[in-house]
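Asks: I have a structure here, written as structure tokens, and I will follow up with some questions on it.
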Amino acid sequence: MPVLASARYGKDNVRVYKVQKDEKTGVQSVTEMTVCCLLEGEIETSYTAADNSVVVATDSIKNTIYIKAKEHPVNPPELYAAHLGRHFISTYSHITTAHIKLVVHRWTRMTVDGAPHPHSFYRDSEEKRLVEATVSRSSGIALRSGIVGLSVLKSTGSAFHGFVRDEYTTLPEVWDRILSTDIDCSWTWKTFGGVEAVEKGVERFDQAYEKARAILMRTFANDYSASVQNTMYKMAEEILDVVPEVDRVSLSLPNKHYWEIDLSWHKGLKNTGKDAEVFAPQTNPNGLIKCEVARDERTVAIR
Ligand code: AZA
């Protein structure tokens, strides 16, 4: 007989915008995010026996997302996620876990005539800030924060050689290549006991975000890269080093290839090796290199 092995449900793609107005200065700040909120608990009968008495309608979940954004700060997003998740487990006795995912979109303040504009913003990239919170009755609040889609390129300072060469290999070894990727990086916090623990020292979340973002860019730029694998490991090591409350760092980097174009067939044009200037950026296929770096053996074990 089939059994319901796992179940969660809720509202996805809830778009929320919140403005914060400083009445004294007239300066406004804005946050836009996309929210997913899925609930778990004693909800089996809604699937197996058409019992809707255990269902908090997804429309009510959407309403709650708006109401909690009004009642609580939405910054840092980790705190808002914790408040939202706690609402569900404290309000509905049969809901045991709330899974919250927030994707925060960039609205960067405009500089107009050399001065920060009080209420105008622009989208400076498609990079997003990410927060995932698992708020559960039994094991507190698990938070994962991250950066998604930080697109970077370096025109030199990257090599790739010494890899396996056999009858399947055509890729030449290179000591100088273009390196480009869209960085997805997340860091997993040591578990918090409750919202109060998240709230205490709440500056840690923005600080970690800023530090991680700076490390990703600095390491990408400064490392003479032997491979994507090695450069990403250095990124993770340094994030673990500067954010002690983080147990694990995960990275996922596509290797966006830029192939040389041999143009010698046209009037002997030199465009390979040290003469390469015009390249063909590739859309696919792309390499995809992933890793998770844990602080120590103990944090590997708790996965
Ligand atoms: N890592 C790289 O940095 N570059 C590559 C790889 C790899 O595993 N494979 N092809 N090119």
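Following the order of the structure tokens, first chain is A, next is B, and so on, with residues numbered from 1 inside each chain and ligands from 1 in the order they appear.
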With ligand 1 as the partner and 9 Å as the cut-off, tabulate the residues of chain A that qualify, each row holding the nearest pair of atoms and their distance in Å to one decimal, using only C-alpha atoms and all ligand atoms, sorted by chain and rising number, as JSON lines.

Replies:
{"residue": "A:Ser158", "atom": "CA", "partner": "ligand 1", "partner_atom_place_in_ligand_line": "3 (O)", "distance": 8.4}
{"residue": "A:Ala159", "atom": "CA", "partner": "ligand 1", "partner_atom_place_in_ligand_line": "3 (O)", "distance": 7.7}
{"residue": "A:Phe160", "atom": "CA", "partner": "ligand 1", "partner_atom_place_in_ligand_line": "4 (N)", "distance": 5.8}
{"residue": "A:His161", "atom": "CA", "partner": "ligand 1", "partner_atom_place_in_ligand_line": "4 (N)", "distance": 8.6}
{"residue": "A:Phe163", "atom": "CA", "partner": "ligand 1", "partner_atom_place_in_ligand_line": "9 (N)", "distance": 8.0}
{"residue": "A:Leu171", "atom": "CA", "partner": "ligand 1", "partner_atom_place_in_ligand_line": "10 (N)", "distance": 7.3}
{"residue": "A:Leu179", "atom": "CA", "partner": "ligand 1", "partner_atom_place_in_ligand_line": "3 (O)", "distance": 8.3}
{"residue": "A:Ser225", "atom": "CA", "partner": "ligand 1", "partner_atom_place_in_ligand_line": "3 (O)", "distance": 7.9}
{"residue": "A:Ala226", "atom": "CA", "partner": "ligand 1", "partner_atom_place_in_ligand_line": "3 (O)", "distance": 6.9}
{"residue": "A:Ser227", "atom": "CA", "partner": "ligand 1", "partner_atom_place_in_ligand_line": "3 (O)", "distance": 3.4}
{"residue": "A:Val228", "atom": "CA", "partner": "ligand 1", "partner_atom_place_in_ligand_line": "3 (O)", "distance": 3.8}
{"residue": "A:Gln229", "atom": "CA", "partner": "ligand 1", "partner_atom_place_in_ligand_line": "3 (O)", "distance": 6.0}
{"residue": "A:Asn230", "atom": "CA", "partner": "ligand 1", "partner_atom_place_in_ligand_line": "3 (O)", "distance": 7.9}
{"residue": "A:Thr231", "atom": "CA", "partner": "ligand 1", "partner_atom_place_in_ligand_line": "3 (O)", "distance": 8.5}
{"residue": "A:Asn255", "atom": "CA", "partner": "ligand 1", "partner_atom_place_in_ligand_line": "4 (N)", "distance": 6.8}
{"residue": "A:His257", "atom": "CA", "partner": "ligand 1", "partner_atom_place_in_ligand_line": "11 (N)", "distance": 8.3}
{"residue": "A:Asn286", "atom": "CA", "partner": "ligand 1", "partner_atom_place_in_ligand_line": "10 (N)", "distance": 8.9}
{"residue": "A:Gly287", "atom": "CA", "partner": "ligand 1", "partner_atom_place_in_ligand_line": "9 (N)", "distance": 6.4}
{"residue": "A:Leu288", "atom": "CA", "partner": "ligand 1", "partner_atom_place_in_ligand_line": "8 (O)", "distance": 8.1}
{"residue": "A:Ile289", "atom": "CA", "partner": "ligand 1", "partner_atom_place_in_ligand_line": "8 (O)", "distance": 7.0}

Asks: Find the residues near range 1-3 of chain A: any atom within 12 Å, counting only C-alpha atoms, skip ones fewer than 6 places away on the same chain, and give them as JSON, numbers by chain.

Replies: {"A": [44, 45, 47, 48]}

Asks: Let's have the selection written as an mmCIF file, in the first residue's frame, with N, CA, C and O atoms.

Replies:
data_model
loop_
_atom_site.group_PDB
_atom_site.id
_atom_site.type_symbol
_atom_site.label_atom_id
_atom_site.label_comp_id
_atom_site.auth_asym_id
_atom_site.auth_seq_id
_atom_site.Cartn_x
_atom_site.Cartn_y
_atom_site.Cartn_z
ATOM 1 N N GLU A 44 -1.173 15.076 6.626
ATOM 2 C CA GLU A 44 -1.304 13.906 5.752
ATOM 3 C C GLU A 44 -2.716 13.708 5.243
ATOM 4 O O GLU A 44 -2.948 13.400 4.072
ATOM 5 N N THR A 45 -3.701 13.904 6.169
ATOM 6 C CA THR A 45 -5.082 13.576 5.792
ATOM 7 C C THR A 45 -5.620 14.476 4.683
ATOM 8 O O THR A 45 -6.562 14.117 3.989
ATOM 9 N N TYR A 47 -4.033 15.078 2.066
ATOM 10 C CA TYR A 47 -3.642 14.378 0.837
ATOM 11 C C TYR A 47 -4.393 13.055 0.707
ATOM 12 O O TYR A 47 -4.876 12.695 -0.358
ATOM 13 N N THR A 48 -4.480 12.325 1.830
ATOM 14 C CA THR A 48 -4.944 10.934 1.738
ATOM 15 C C THR A 48 -6.454 10.778 1.938
ATOM 16 O O THR A 48 -7.024 9.774 1.537
#

Asks: Measuring between only C-alpha atoms, which one of A:Val293, A:Val103, A:Met235, A:Leu150 shows the shortest distance to Ala81 in chain A?

Replies: A:Val103

Asks: Figure out the distance between CA of Phe88 in chain A and CA of Trp189 in chain A, please, to one decimal in Å.

Replies: 21.6 Å

Asks: My list of candidates is A:Ser93, A:Ser145, A:Thr219, A:Gln282. Which is closest to Ile261 in chain A when distances are computed with only C-alpha atoms?

Replies: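 Closest to Ile261 in chain A of all the choices is A:Gln282.
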
Asks: Using DSSP on the backbone coordinates, identify all residues within range 45-169 of chain A classified as strand (DSSP E); present the result as a ChimeraX atom specification.

Replies: /A:95-105,108-112,115-122,128-136,140-154

Asks: For Ala294 in chain A, list every protein, DNA or RNA residue within 7 Å, evaluated using only C-alpha atoms, and leave out those in the same chain fewer than 5 positions away; present the list as number ranges by chain.

Replies: A: 247-249, 299-300

Asks: Residues of the last selection are to be written out with N, CA, C and O atoms, as a PDB file, in the first residue's frame.

Replies:
ATOM      1  N   ASP A 247      29.012  27.406   9.827  1.00  0.00           N
ATOM      2  CA  ASP A 247      29.567  26.047   9.901  1.00  0.00           C
ATOM      3  C   ASP A 247      29.980  25.492   8.555  1.00  0.00           C
ATOM      4  O   ASP A 247      30.801  24.588   8.481  1.00  0.00           O
ATOM      5  N   ARG A 248      29.344  25.999   7.500  1.00  0.00           N
ATOM      6  CA  ARG A 248      29.561  25.368   6.203  1.00  0.00           C
ATOM      7  C   ARG A 248      29.352  26.398   5.100  1.00  0.00           C
ATOM      8  O   ARG A 248      28.465  27.244   5.190  1.00  0.00           O
ATOM      9  N   VAL A 249      30.171  26.322   4.079  1.00  0.00           N
ATOM     10  CA  VAL A 249      30.026  27.225   2.925  1.00  0.00           C
ATOM     11  C   VAL A 249      29.870  26.367   1.674  1.00  0.00           C
ATOM     12  O   VAL A 249      30.635  25.414   1.466  1.00  0.00           O
ATOM     13  N   THR A 299      31.238  19.290  11.840  1.00  0.00           N
ATOM     14  CA  THR A 299      30.193  19.927  11.025  1.00  0.00           C
ATOM     15  C   THR A 299      29.956  19.172   9.725  1.00  0.00           C
ATOM     16  O   THR A 299      28.918  19.319   9.106  1.00  0.00           O
ATOM     17  N   VAL A 300      30.912  18.354   9.293  1.00  0.00           N
ATOM     18  CA  VAL A 300      30.643  17.445   8.166  1.00  0.00           C
ATOM     19  C   VAL A 300      29.617  16.437   8.622  1.00  0.00           C
ATOM     20  O   VAL A 300      28.628  16.152   7.952  1.00  0.00           O
TER      21      VAL A 300
END

Asks: Just give me the gap between CA of Lys274 in chain A and CA of Leu216 in chain A in Å, one decimal is fine.

Replies: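 Those two atoms sit 28.2 Å apart.
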
Asks: Quick one: residues within 8 Å of Phe205 in chain A, only C-alpha atoms, excluding same-chain residues fewer than 4 positions away - as a PyMOL selection string?

Replies: chain A and resi 76+78+209

Asks: Output all heavy atoms for every residue in that selection, as an mmCIF file, in the first residue's frame.

Replies:
data_model
loop_
_atom_site.group_PDB
_atom_site.id
_atom_site.type_symbol
_atom_site.label_atom_id
_atom_site.label_comp_id
_atom_site.auth_asym_id
_atom_site.auth_seq_id
_atom_site.Cartn_x
_atom_site.Cartn_y
_atom_site.Cartn_z
ATOM 1 N N PRO A 76 17.521 42.648 8.620
ATOM 2 C CA PRO A 76 18.038 41.774 7.584
ATOM 3 C C PRO A 76 16.996 40.715 7.230
ATOM 4 O O PRO A 76 16.155 40.369 8.070
ATOM 5 C CB PRO A 76 19.274 41.148 8.237
ATOM 6 C CG PRO A 76 18.953 41.140 9.694
ATOM 7 C CD PRO A 76 18.140 42.380 9.938
ATOM 8 N N GLU A 78 17.149 37.615 7.114
ATOM 9 C CA GLU A 78 17.198 36.451 8.019
ATOM 10 C C GLU A 78 16.210 36.625 9.173
ATOM 11 O O GLU A 78 15.558 35.666 9.602
ATOM 12 C CB GLU A 78 18.622 36.267 8.587
ATOM 13 C CG GLU A 78 19.647 35.742 7.595
ATOM 14 C CD GLU A 78 20.311 36.815 6.727
ATOM 15 O OE1 GLU A 78 19.852 38.001 6.776
ATOM 16 O OE2 GLU A 78 21.257 36.489 6.003
ATOM 17 N N TYR A 209 27.165 39.010 4.983
ATOM 18 C CA TYR A 209 26.856 39.172 3.553
ATOM 19 C C TYR A 209 27.905 40.064 2.886
ATOM 20 O O TYR A 209 28.440 39.733 1.821
ATOM 21 C CB TYR A 209 25.444 39.760 3.418
ATOM 22 C CG TYR A 209 25.114 40.233 2.034
ATOM 23 C CD1 TYR A 209 24.753 39.334 1.036
ATOM 24 C CD2 TYR A 209 25.182 41.584 1.717
ATOM 25 C CE1 TYR A 209 24.475 39.778 -0.247
ATOM 26 C CE2 TYR A 209 24.900 42.035 0.443
ATOM 27 C CZ TYR A 209 24.551 41.120 -0.536
ATOM 28 O OH TYR A 209 24.287 41.565 -1.798
#

Asks: Give the helix (DSSP H, G or I) residues of range 230-283 of chain A, as DSSP finds them on the backbone, and put them as a JSON list (two decimals) with N, CA, C and O atoms, in the first residue's frame.

Replies:
[["chain", "number", "residue", "atom", "x", "y", "z"],
["A", 230, "ASN", "N", 40.09, 24.99, -7.27],
["A", 230, "ASN", "CA", 41.00, 25.50, -6.25],
["A", 230, "ASN", "C", 40.62, 26.92, -5.82],
["A", 230, "ASN", "O", 40.68, 27.24, -4.63],
["A", 231, "THR", "N", 40.20, 27.74, -6.77],
["A", 231, "THR", "CA", 39.84, 29.13, -6.43],
["A", 231, "THR", "C", 38.60, 29.14, -5.53],
["A", 231, "THR", "O", 38.54, 29.88, -4.55],
["A", 232, "MET", "N", 37.62, 28.29, -5.84],
["A", 232, "MET", "CA", 36.41, 28.30, -5.02],
["A", 232, "MET", "C", 36.68, 27.78, -3.61],
["A", 232, "MET", "O", 36.09, 28.25, -2.64],
["A", 233, "TYR", "N", 37.61, 26.83, -3.50],
["A", 233, "TYR", "CA", 37.95, 26.31, -2.17],
["A", 233, "TYR", "C", 38.56, 27.43, -1.32],
["A", 233, "TYR", "O", 38.23, 27.58, -0.14],
["A", 234, "LYS", "N", 39.41, 28.25, -1.93],
["A", 234, "LYS", "CA", 40.01, 29.38, -1.21],
["A", 234, "LYS", "C", 38.94, 30.37, -0.76],
["A", 234, "LYS", "O", 39.01, 30.94, 0.33],
["A", 235, "MET", "N", 37.94, 30.58, -1.61],
["A", 235, "MET", "CA", 36.83, 31.49, -1.24],
["A", 235, "MET", "C", 36.14, 30.96, 0.01],
["A", 235, "MET", "O", 35.90, 31.70, 0.98],
["A", 236, "ALA", "N", 35.81, 29.68, 0.00],
["A", 236, "ALA", "CA", 35.06, 29.07, 1.11],
["A", 236, "ALA", "C", 35.89, 29.11, 2.40],
["A", 236, "ALA", "O", 35.38, 29.45, 3.48],
["A", 237, "GLU", "N", 37.18, 28.78, 2.26],
["A", 237, "GLU", "CA", 38.08, 28.79, 3.44],
["A", 237, "GLU", "C", 38.07, 30.16, 4.11],
["A", 237, "GLU", "O", 37.98, 30.26, 5.33],
["A", 238, "GLU", "N", 38.15, 31.21, 3.30],
["A", 238, "GLU", "CA", 38.25, 32.55, 3.89],
["A", 238, "GLU", "C", 36.93, 32.99, 4.51],
["A", 238, "GLU", "O", 36.91, 33.63, 5.57],
["A", 239, "ILE", "N", 35.81, 32.61, 3.90],
["A", 239, "ILE", "CA", 34.52, 32.97, 4.50],
["A", 239, "ILE", "C", 34.38, 32.28, 5.86],
["A", 239, "ILE", "O", 33.98, 32.90, 6.86],
["A", 240, "LEU", "N", 34.76, 31.00, 5.93],
["A", 240, "LEU", "CA", 34.70, 30.29, 7.22],
["A", 240, "LEU", "C", 35.60, 30.97, 8.25],
["A", 240, "LEU", "O", 35.26, 31.06, 9.43],
["A", 241, "ASP", "N", 36.72, 31.48, 7.78],
["A", 241, "ASP", "CA", 37.68, 32.12, 8.67],
["A", 241, "ASP", "C", 37.13, 33.42, 9.27],
["A", 241, "ASP", "O", 37.29, 33.67, 10.45],
["A", 242, "VAL", "N", 36.44, 34.23, 8.44],
["A", 242, "VAL", "CA", 36.02, 35.55, 8.94],
["A", 242, "VAL", "C", 34.61, 35.55, 9.53],
["A", 242, "VAL", "O", 34.22, 36.54, 10.14],
["A", 273, "GLY", "N", 46.70, 32.09, -29.03],
["A", 273, "GLY", "CA", 47.83, 32.17, -28.08],
["A", 273, "GLY", "C", 48.01, 33.59, -27.59],
["A", 273, "GLY", "O", 47.03, 34.27, -27.22],
["A", 274, "LYS", "N", 49.25, 34.09, -27.63],
["A", 274, "LYS", "CA", 49.50, 35.44, -27.09],
["A", 274, "LYS", "C", 48.86, 36.54, -27.94],
["A", 274, "LYS", "O", 48.70, 37.68, -27.49],
["A", 275, "ASP", "N", 48.47, 36.20, -29.17],
["A", 275, "ASP", "CA", 47.84, 37.19, -30.07],
["A", 275, "ASP", "C", 46.31, 37.20, -29.94],
["A", 275, "ASP", "O", 45.63, 37.98, -30.63]]

Asks: Show which residues sit within 8 Å of Arg86 in chain A, as an NGL selection string. Count only C-alpha atoms, and ignore same-chain residues fewer than 5 positions away.

Replies: :A and (98 or 135-136 or 195)

Asks: Can I get the residues of range 198-260 of chain A within 8 Å of range 152-155 of chain A, each with the closest pair of atoms and their distance in Å to one decimal, using only C-alpha atoms, sorted chain first then ascending number, as CSV?

Replies:
residue,atom,partner,partner_atom,distance
A:Met217,CA,A:Val152,CA,7.9
A:Phe220,CA,A:Lys154,CA,8.0
A:Ala221,CA,A:Lys154,CA,6.8

Asks: Please dump the current selection as a tab-separated table (two decimals), in the first residue's frame; keep all heavy atoms.

Replies:
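What landed in part-v3.tsv:
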chain	number	residue	atom	x	y	z
A	217	MET	N	34.78	38.39	-4.46
A	217	MET	CA	35.34	39.22	-5.54
A	217	MET	C	36.85	39.32	-5.41
A	217	MET	O	37.58	39.20	-6.40
A	217	MET	CB	34.69	40.59	-5.52
A	217	MET	CG	33.25	40.51	-5.96
A	217	MET	SD	32.70	41.94	-6.83
A	217	MET	CE	31.57	42.60	-5.68
A	220	PHE	N	38.49	36.00	-6.34
A	220	PHE	CA	38.37	35.80	-7.79
A	220	PHE	C	39.40	36.67	-8.52
A	220	PHE	O	40.10	36.21	-9.42
A	220	PHE	CB	36.96	36.15	-8.26
A	220	PHE	CG	36.76	35.95	-9.73
A	220	PHE	CD1	36.49	34.68	-10.23
A	220	PHE	CD2	36.88	37.00	-10.62
A	220	PHE	CE1	36.34	34.47	-11.59
A	220	PHE	CE2	36.73	36.80	-11.98
A	220	PHE	CZ	36.47	35.53	-12.47
A	221	ALA	N	39.51	37.92	-8.10
A	221	ALA	CA	40.40	38.86	-8.80
A	221	ALA	C	41.87	38.56	-8.54
A	221	ALA	O	42.69	38.56	-9.46
A	221	ALA	CB	40.06	40.28	-8.36

Asks: Tell me which of A:Ile183, A:Ala197, A:Ala212, A:Ala276 sits closest to Ser252 in chain A, counting only C-alpha atoms.

Replies: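 Among A:Ile183, A:Ala197, A:Ala212, A:Ala276, it is A:Ile183 that comes nearest to Ser252 in chain A.
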